[in-house]
Amino acid sequence: MNGSAVVVGGGIGGLAAAIGLRRIGWEVTVVERAHVLADVGAGISLHANGIRALDVLGVGEAVRAAARPQYTGGTRTPDGKWLARMDGAALERELGTPIVGIPRAALHSLLREALPAGCLVTGFEVSSVESPGPGRVRVPVKDGVLDADLVVAADGVNSRLRGQLFPGHPGPAYSGSTVLRAITEHPVSLRTDFELTWGKGSEFGHIAFTDGRAEWHAVLNSPPGTRPADALAALRRRFGDWHDPIPALLDATRPDAVLHHDIHELATPLPAFTKGRIALVGDAAHAMTPNLGQGACQALEDAATLAAALATESAVESALARYDAERRPRSQSVARAARQAGRMGQQLAHPLGVALRNTALRLAPSGVTVRAILRHADWAPPSLG
């Protein structure tokens, strides 16, 4: 089955969906509200499920070449004591690939390079979709309208199209946490590929990149909208006495490089990921907290699964029904697990609760961390036909 599609949103999920649709022979136009794709953002970890989805989409090899495998690291306390170690080699043996770290900008660029330049329309925000007749959808754009067989809504956590499709849904909710993050200006000496450090109601982590630079993030329990006048100075006051290399990571960062976002999620699950000839992917469908590092991986799974359904089903309607049946239970389960991981990890603030959690982690068998990652990362993509 071939057809035409409009993808609304040029982020990871939207670009991946466009790649998948083109691989099965569809004509695709991606509409992105930004006038210029500046490739902003910090870093990202991709688990085996995300890498496997990228392989099906034909860009896995390019992403691996630009990413750094995460073999060493784990979770620590602010004084540097280990709570749990990560065995990246064991994950690679189990899954065929380690977790990898890559700048978001590099991933965006690689996904865009897999698409012809003419299929991307920038500088227009799609706020609604029309249904002019059976089997067709129409998307208003700056130069007129685009008629298509399918619309893929990949317009993020604050998706306008989701609001149109499900007007009774409450939309995204504030998670209780805010995140500050950046990529260092220059290489930093690091002993591990990936780390998380848990304090009381706070977390600091880093991801090492191939060029020696690193992404760091700081997550804090905070009222929404709280913004310090000098973010980097505030972080130095909060984390300056935590273990190395945390102070060094902050010192290697330009003040204007720090990004600050409140974390929102779809705490109320959607009743469906499709409606008519519109399919939701990525954060528009299942925005989740970042505590499992699965947000982008789930969006990539969406893209591969949607393309496979359209490649093998005889009608768009049956393909979308299959997509919803395969993706909604899994991604909503991962979102629940991410929320719970945050409550027991970064968000935990009571001293007794923190002490009990830390003791449990120290006493846990060495394979517990690997099994916890396998629970969500061991996913096999469907064939595109």
# chains A, B, ... in the order shown; residues from 1 in each chain; ligands from 1
>>> residues_around(residues="Trp216 (chain A)", least_positions_apart="6", cutoff="6 Å", atoms="only C-alpha atoms", output="list in words")
Arg181, Ala182, Gly205 and His206 of chain A
>>> closest_atom_pairs(of="region 226-301 of chain A", to="region 72-85 of chain A", cutoff="8 Å", atoms="only C-alpha atoms", output="JSON lines")
{"residue": "A:Trp242", "atom": "CA", "partner": "A:Pro78", "partner_atom": "CA", "distance": 4.8}
{"residue": "A:His243", "atom": "CA", "partner": "A:Gly80", "partner_atom": "CA", "distance": 5.1}
{"residue": "A:Asp244", "atom": "CA", "partner": "A:Gly80", "partner_atom": "CA", "distance": 7.6}
>>> closest_residue(among="A:Leu266, A:Leu320, A:Ala214, A:Ala299", to="Asp149 (chain A)", atoms="only C-alpha atoms")
A:Leu320
>>> select_by_dssp(residues="region 94-304 of chain A", states="alpha helix (DSSP H)", output="VMD selection string")
chain A and resid 94 to 95 104 to 113 160 to 165 231 to 239 246 to 251 283 to 286 295 to 304
>>> residues_around(residues="Ser189 (chain A)", least_positions_apart="4", cutoff="12 Å", atoms="only C-alpha atoms", output="PyMOL selection string")
chain A and resi 184+193+206+208-209+211-214+244-249+252
>>> residues_around(residues="Gln294 (chain A)", least_positions_apart="4", cutoff="8 Å", atoms="only C-alpha atoms", output="list in words")
Leu46, His47, Pro290, Gln298 and Val334 of chain A
>>> write_last_selection(atoms="all heavy atoms", output="PDB file, in the first residue's frame")
ATOM      1  N   LEU A  46      20.591   6.410  23.820  1.00  0.00           N
ATOM      2  CA  LEU A  46      19.731   5.529  23.037  1.00  0.00           C
ATOM      3  C   LEU A  46      19.971   4.089  23.475  1.00  0.00           C
ATOM      4  O   LEU A  46      21.100   3.585  23.412  1.00  0.00           O
ATOM      5  CB  LEU A  46      20.020   5.677  21.548  1.00  0.00           C
ATOM      6  CG  LEU A  46      19.669   7.030  20.918  1.00  0.00           C
ATOM      7  CD1 LEU A  46      20.161   7.077  19.476  1.00  0.00           C
ATOM      8  CD2 LEU A  46      18.158   7.278  20.977  1.00  0.00           C
ATOM      9  N   HIS A  47      18.901   3.439  23.910  1.00  0.00           N
ATOM     10  CA  HIS A  47      18.979   2.041  24.316  1.00  0.00           C
ATOM     11  C   HIS A  47      18.822   1.149  23.085  1.00  0.00           C
ATOM     12  O   HIS A  47      18.568   1.614  21.986  1.00  0.00           O
ATOM     13  CB  HIS A  47      17.907   1.743  25.352  1.00  0.00           C
ATOM     14  CG  HIS A  47      18.129   2.424  26.665  1.00  0.00           C
ATOM     15  ND1 HIS A  47      18.373   1.745  27.846  1.00  0.00           N
ATOM     16  CD2 HIS A  47      18.162   3.741  27.010  1.00  0.00           C
ATOM     17  CE1 HIS A  47      18.533   2.591  28.836  1.00  0.00           C
ATOM     18  NE2 HIS A  47      18.405   3.815  28.352  1.00  0.00           N
ATOM     19  N   PRO A 290      11.909  11.663  32.009  1.00  0.00           N
ATOM     20  CA  PRO A 290      13.126  11.108  31.409  1.00  0.00           C
ATOM     21  C   PRO A 290      13.841  10.074  32.265  1.00  0.00           C
ATOM     22  O   PRO A 290      14.967   9.683  31.943  1.00  0.00           O
ATOM     23  CB  PRO A 290      14.002  12.358  31.241  1.00  0.00           C
ATOM     24  CG  PRO A 290      13.598  13.247  32.375  1.00  0.00           C
ATOM     25  CD  PRO A 290      12.114  13.016  32.554  1.00  0.00           C
ATOM     26  N   GLN A 298      11.087   5.418  22.554  1.00  0.00           N
ATOM     27  CA  GLN A 298       9.692   5.085  22.294  1.00  0.00           C
ATOM     28  C   GLN A 298       9.182   5.774  21.030  1.00  0.00           C
ATOM     29  O   GLN A 298       8.386   5.209  20.279  1.00  0.00           O
ATOM     30  CB  GLN A 298       8.833   5.446  23.504  1.00  0.00           C
ATOM     31  CG  GLN A 298       9.091   4.580  24.724  1.00  0.00           C
ATOM     32  CD  GLN A 298       8.845   3.105  24.461  1.00  0.00           C
ATOM     33  OE1 GLN A 298       7.768   2.726  24.003  1.00  0.00           O
ATOM     34  NE2 GLN A 298       9.846   2.277  24.720  1.00  0.00           N
ATOM     35  N   VAL A 334       5.677   1.881  29.674  1.00  0.00           N
ATOM     36  CA  VAL A 334       7.001   2.487  29.892  1.00  0.00           C
ATOM     37  C   VAL A 334       6.861   3.841  30.588  1.00  0.00           C
ATOM     38  O   VAL A 334       7.640   4.181  31.482  1.00  0.00           O
ATOM     39  CB  VAL A 334       7.757   2.616  28.563  1.00  0.00           C
ATOM     40  CG1 VAL A 334       9.055   3.401  28.755  1.00  0.00           C
ATOM     41  CG2 VAL A 334       8.064   1.243  27.976  1.00  0.00           C
TER      42      VAL A 334
END
>>> atom_distance(atom1="CA of Arg227 (chain A)", atom2="CA of His260 (chain A)")
8.0 Å
>>> closest_residue(among="A:Ala338, A:Val30, A:Ala105, A:Ala17", to="Ala53 (chain A)", atoms="only C-alpha atoms")
A:Ala17
>>> closest_residue(among="A:Glu32, A:Asp302, A:Asp155, A:Glu203", to="Leu120 (chain A)", atoms="only C-alpha atoms")
A:Glu32
>>> select_by_dssp(residues="region 5-165 of chain A", states="strand (DSSP E or B)", output="short mmCIF file (atom, residue, chain, number, x, y, z; two decimals) with C-alpha atoms, in the first residue's frame")
data_model
loop_
_atom_site.label_atom_id
_atom_site.label_comp_id
_atom_site.auth_asym_id
_atom_site.auth_seq_id
_atom_site.Cartn_x
_atom_site.Cartn_y
_atom_site.Cartn_z
CA ALA A 5 1.41 11.64 4.29
CA VAL A 6 1.95 14.91 6.09
CA VAL A 7 4.09 14.72 9.23
CA VAL A 8 3.47 17.61 11.61
CA GLU A 27 5.27 10.49 -0.47
CA VAL A 28 5.95 12.56 2.65
CA THR A 29 5.95 16.24 3.60
CA VAL A 30 7.23 17.28 7.03
CA VAL A 31 5.85 20.57 8.37
CA GLU A 32 7.90 22.16 11.17
CA GLY A 43 22.47 15.00 24.75
CA ILE A 44 20.57 11.77 24.58
CA SER A 45 21.10 8.12 25.44
CA LEU A 46 19.73 5.53 23.04
CA ARG A 68 29.79 6.82 22.03
CA PRO A 69 29.02 3.45 23.63
CA GLN A 70 28.24 3.54 27.35
CA GLY A 73 29.17 4.18 34.93
CA GLY A 74 26.21 3.83 37.25
CA THR A 75 24.51 5.60 40.12
CA ARG A 76 26.28 7.38 43.01
CA TRP A 82 28.50 3.88 44.38
CA LEU A 83 24.90 2.74 44.71
CA ALA A 84 24.84 0.62 41.56
CA ARG A 85 27.20 -0.03 38.67
CA ILE A 99 23.52 2.01 25.23
CA VAL A 100 25.05 4.91 23.26
CA GLY A 101 25.29 8.64 23.91
CA ILE A 102 24.94 11.25 21.17
CA PRO A 103 24.23 15.00 21.02
CA LEU A 120 10.70 19.62 4.77
CA VAL A 121 8.53 22.75 5.11
CA THR A 122 9.59 25.14 7.89
CA GLU A 130 -9.43 19.00 8.19
CA SER A 131 -11.24 15.96 6.79
CA PRO A 132 -12.69 17.05 3.43
CA GLY A 133 -14.03 13.61 2.53
CA ARG A 136 -8.57 12.08 2.91
CA VAL A 137 -7.10 14.61 5.32
CA ARG A 138 -6.10 18.20 4.63
CA VAL A 139 -3.42 20.23 6.39
CA PRO A 140 -3.34 24.04 6.07
CA VAL A 141 0.17 25.36 5.37
CA GLY A 144 -2.19 26.76 0.81
CA VAL A 145 -3.20 23.25 1.84
CA LEU A 146 -1.74 19.76 1.62
CA ASP A 147 -4.10 16.89 0.83
CA ALA A 148 -2.96 13.49 2.03
CA LEU A 150 -2.53 10.24 6.42
CA VAL A 151 -1.39 12.83 8.94
CA VAL A 152 1.24 11.95 11.53
CA ALA A 153 0.99 14.24 14.56
#
>>> atom_distance(atom1="CA of Ala307 (chain A)", atom2="CA of Leu110 (chain A)")
18.9 Å
>>> residues_around(residues="Ala341 (chain A)", least_positions_apart="2", cutoff="12 Å", atoms="only C-alpha atoms", output="number ranges by chain")
A: 288-294, 334-339, 343-348, 357, 372-373
>>> write_last_selection(atoms="N, CA, C and O atoms", output="mmCIF file, in the first residue's frame")
data_model
loop_
_atom_site.group_PDB
_atom_site.id
_atom_site.type_symbol
_atom_site.label_atom_id
_atom_site.label_comp_id
_atom_site.auth_asym_id
_atom_site.auth_seq_id
_atom_site.Cartn_x
_atom_site.Cartn_y
_atom_site.Cartn_z
ATOM 1 N N MET A 288 6.614 11.364 28.475
ATOM 2 C CA MET A 288 6.957 10.729 29.741
ATOM 3 C C MET A 288 8.123 11.434 30.402
ATOM 4 O O MET A 288 8.861 12.192 29.755
ATOM 5 N N THR A 289 8.325 11.174 31.673
ATOM 6 C CA THR A 289 9.478 11.729 32.368
ATOM 7 C C THR A 289 10.738 11.023 31.863
ATOM 8 O O THR A 289 10.672 9.905 31.356
ATOM 9 N N PRO A 290 11.909 11.663 32.009
ATOM 10 C CA PRO A 290 13.126 11.108 31.409
ATOM 11 C C PRO A 290 13.841 10.074 32.265
ATOM 12 O O PRO A 290 14.967 9.683 31.943
ATOM 13 N N ASN A 291 13.201 9.562 33.314
ATOM 14 C CA ASN A 291 13.920 8.782 34.306
ATOM 15 C C ASN A 291 14.407 7.427 33.826
ATOM 16 O O ASN A 291 15.288 6.831 34.441
ATOM 17 N N LEU A 292 13.853 6.915 32.737
ATOM 18 C CA LEU A 292 14.348 5.658 32.166
ATOM 19 C C LEU A 292 15.143 5.879 30.886
ATOM 20 O O LEU A 292 15.627 4.912 30.293
ATOM 21 N N GLY A 293 15.256 7.126 30.429
ATOM 22 C CA GLY A 293 15.960 7.396 29.178
ATOM 23 C C GLY A 293 15.265 6.780 27.982
ATOM 24 O O GLY A 293 15.920 6.414 26.997
ATOM 25 N N GLN A 294 13.926 6.693 28.024
ATOM 26 C CA GLN A 294 13.193 5.975 26.984
ATOM 27 C C GLN A 294 12.337 6.874 26.091
ATOM 28 O O GLN A 294 11.713 6.382 25.147
ATOM 29 N N VAL A 334 5.677 1.881 29.674
ATOM 30 C CA VAL A 334 7.001 2.487 29.892
ATOM 31 C C VAL A 334 6.861 3.841 30.588
ATOM 32 O O VAL A 334 7.640 4.181 31.482
ATOM 33 N N ALA A 335 5.849 4.622 30.206
ATOM 34 C CA ALA A 335 5.635 5.925 30.837
ATOM 35 C C ALA A 335 5.323 5.764 32.315
ATOM 36 O O ALA A 335 5.827 6.538 33.155
ATOM 37 N N ARG A 336 4.510 4.766 32.676
ATOM 38 C CA ARG A 336 4.224 4.526 34.095
ATOM 39 C C ARG A 336 5.490 4.123 34.843
ATOM 40 O O ARG A 336 5.733 4.578 35.977
ATOM 41 N N ALA A 337 6.288 3.280 34.219
ATOM 42 C CA ALA A 337 7.528 2.847 34.863
ATOM 43 C C ALA A 337 8.494 4.012 35.033
ATOM 44 O O ALA A 337 9.200 4.109 36.054
ATOM 45 N N ALA A 338 8.546 4.917 34.053
ATOM 46 C CA ALA A 338 9.423 6.096 34.165
ATOM 47 C C ALA A 338 8.973 6.988 35.315
ATOM 48 O O ALA A 338 9.802 7.510 36.081
ATOM 49 N N ARG A 339 7.656 7.167 35.457
ATOM 50 C CA ARG A 339 7.138 7.990 36.556
ATOM 51 C C ARG A 339 7.518 7.379 37.902
ATOM 52 O O ARG A 339 7.957 8.076 38.819
ATOM 53 N N ARG A 343 9.960 8.788 41.059
ATOM 54 C CA ARG A 343 9.523 8.921 42.455
ATOM 55 C C ARG A 343 10.474 8.219 43.418
ATOM 56 O O ARG A 343 10.680 8.679 44.542
ATOM 57 N N MET A 344 11.039 7.096 42.973
ATOM 58 C CA MET A 344 11.968 6.366 43.827
ATOM 59 C C MET A 344 13.408 6.803 43.631
ATOM 60 O O MET A 344 14.288 6.378 44.390
ATOM 61 N N GLY A 345 13.657 7.647 42.627
ATOM 62 C CA GLY A 345 15.009 8.117 42.358
ATOM 63 C C GLY A 345 15.151 9.584 42.640
ATOM 64 O O GLY A 345 15.219 10.020 43.792
ATOM 65 N N GLN A 346 15.165 10.400 41.571
ATOM 66 C CA GLN A 346 15.432 11.834 41.715
ATOM 67 C C GLN A 346 14.459 12.542 42.639
ATOM 68 O O GLN A 346 14.850 13.412 43.414
ATOM 69 N N GLN A 347 13.181 12.210 42.603
ATOM 70 C CA GLN A 347 12.199 12.981 43.357
ATOM 71 C C GLN A 347 12.158 12.641 44.835
ATOM 72 O O GLN A 347 11.623 13.412 45.632
ATOM 73 N N LEU A 348 12.712 11.524 45.223
ATOM 74 C CA LEU A 348 12.673 11.111 46.630
ATOM 75 C C LEU A 348 13.478 12.096 47.474
ATOM 76 O O LEU A 348 14.668 12.309 47.234
ATOM 77 N N ARG A 357 16.240 3.575 50.321
ATOM 78 C CA ARG A 357 16.496 3.299 48.900
ATOM 79 C C ARG A 357 17.967 3.014 48.656
ATOM 80 O O ARG A 357 18.332 2.047 47.956
ATOM 81 N N ALA A 372 16.863 -4.590 34.908
ATOM 82 C CA ALA A 372 15.941 -3.457 34.866
ATOM 83 C C ALA A 372 15.977 -2.772 33.509
ATOM 84 O O ALA A 372 14.939 -2.358 32.973
ATOM 85 N N ILE A 373 17.150 -2.644 32.924
ATOM 86 C CA ILE A 373 17.267 -2.027 31.600
ATOM 87 C C ILE A 373 16.681 -2.944 30.527
ATOM 88 O O ILE A 373 15.977 -2.502 29.615
#
>>> residues_around(residues="Gly96 (chain A)", least_positions_apart="5", cutoff="12 Å", atoms="only C-alpha atoms", output="list in words")
His47, Ala48, Asn49, Ile51, Arg52, Gly88, Ala89, Ala90, Leu91, Leu374, Ala377, Asp378, Trp379 and Ala380 of chain A
>>> closest_residue(among="A:Ala272, A:Val129, A:Leu180, A:Ala114", to="Ala325 (chain A)", atoms="only C-alpha atoms")
A:Ala272
>>> closest_residue(among="A:Gly123, A:Arg33, A:Val56, A:Thr97", to="Arg160 (chain A)", atoms="only C-alpha atoms")
A:Arg33
>>> closest_residue(among="A:Lys275, A:His286, A:Arg327, A:Arg236", to="Ala154 (chain A)", atoms="only C-alpha atoms")
A:His286
>>> atom_distance(atom1="CA of Phe166 (chain A)", atom2="CA of Gly41 (chain A)")
29.3 Å
>>> residues_around(residues="Pro271 (chain A)", least_positions_apart="5", cutoff="12 Å", atoms="only C-alpha atoms", output="PyMOL selection string")
chain A and resi 162+165-169+266+280+285-286+324-325+328-329+332
>>> write_last_selection(atoms="N, CA and C atoms", output="PDB file, in the first residue's frame")
ATOM      1  N   ARG A 162      -3.277  16.870  19.083  1.00  0.00           N
ATOM      2  CA  ARG A 162      -3.843  16.005  20.130  1.00  0.00           C
ATOM      3  C   ARG A 162      -5.036  16.687  20.789  1.00  0.00           C
ATOM      4  N   LEU A 165      -8.001  16.321  18.489  1.00  0.00           N
ATOM      5  CA  LEU A 165      -8.541  14.968  18.416  1.00  0.00           C
ATOM      6  C   LEU A 165      -9.225  14.549  19.707  1.00  0.00           C
ATOM      7  N   PHE A 166      -8.677  14.977  20.839  1.00  0.00           N
ATOM      8  CA  PHE A 166      -9.188  14.556  22.143  1.00  0.00           C
ATOM      9  C   PHE A 166      -9.428  15.791  23.020  1.00  0.00           C
ATOM     10  N   PRO A 167     -10.460  16.570  22.699  1.00  0.00           N
ATOM     11  CA  PRO A 167     -10.679  17.834  23.412  1.00  0.00           C
ATOM     12  C   PRO A 167     -10.982  17.651  24.898  1.00  0.00           C
ATOM     13  N   GLY A 168     -11.442  16.476  25.302  1.00  0.00           N
ATOM     14  CA  GLY A 168     -11.728  16.248  26.708  1.00  0.00           C
ATOM     15  C   GLY A 168     -10.534  15.798  27.527  1.00  0.00           C
ATOM     16  N   HIS A 169      -9.421  15.550  26.871  1.00  0.00           N
ATOM     17  CA  HIS A 169      -8.227  15.101  27.593  1.00  0.00           C
ATOM     18  C   HIS A 169      -7.589  16.283  28.321  1.00  0.00           C
ATOM     19  N   LEU A 266       2.263  13.158  30.016  1.00  0.00           N
ATOM     20  CA  LEU A 266       0.846  12.820  29.876  1.00  0.00           C
ATOM     21  C   LEU A 266       0.495  11.843  30.994  1.00  0.00           C
ATOM     22  N   LEU A 280      -0.872   9.685  16.191  1.00  0.00           N
ATOM     23  CA  LEU A 280       0.011  10.409  17.102  1.00  0.00           C
ATOM     24  C   LEU A 280       1.267   9.592  17.353  1.00  0.00           C
ATOM     25  N   ALA A 285       1.907  11.577  21.748  1.00  0.00           N
ATOM     26  CA  ALA A 285       1.127  10.408  22.136  1.00  0.00           C
ATOM     27  C   ALA A 285       1.372   9.979  23.569  1.00  0.00           C
ATOM     28  N   HIS A 286       2.611  10.081  24.038  1.00  0.00           N
ATOM     29  CA  HIS A 286       2.949   9.463  25.327  1.00  0.00           C
ATOM     30  C   HIS A 286       4.109  10.179  26.016  1.00  0.00           C
ATOM     31  N   ASP A 324      -2.086   1.330  16.804  1.00  0.00           N
ATOM     32  CA  ASP A 324      -2.590   1.670  18.131  1.00  0.00           C
ATOM     33  C   ASP A 324      -2.522   0.470  19.066  1.00  0.00           C
ATOM     34  N   ALA A 325      -2.909  -0.692  18.577  1.00  0.00           N
ATOM     35  CA  ALA A 325      -2.916  -1.894  19.407  1.00  0.00           C
ATOM     36  C   ALA A 325      -1.519  -2.301  19.840  1.00  0.00           C
ATOM     37  N   ARG A 328       0.237   1.486  21.937  1.00  0.00           N
ATOM     38  CA  ARG A 328      -0.317   2.172  23.106  1.00  0.00           C
ATOM     39  C   ARG A 328      -0.046   1.403  24.411  1.00  0.00           C
ATOM     40  N   PRO A 329      -0.306   0.098  24.471  1.00  0.00           N
ATOM     41  CA  PRO A 329      -0.026  -0.582  25.748  1.00  0.00           C
ATOM     42  C   PRO A 329       1.444  -0.514  26.157  1.00  0.00           C
ATOM     43  N   GLN A 332       2.629   3.276  27.035  1.00  0.00           N
ATOM     44  CA  GLN A 332       2.023   3.764  28.265  1.00  0.00           C
ATOM     45  C   GLN A 332       2.541   3.010  29.485  1.00  0.00           C
TER      46      GLN A 332
END
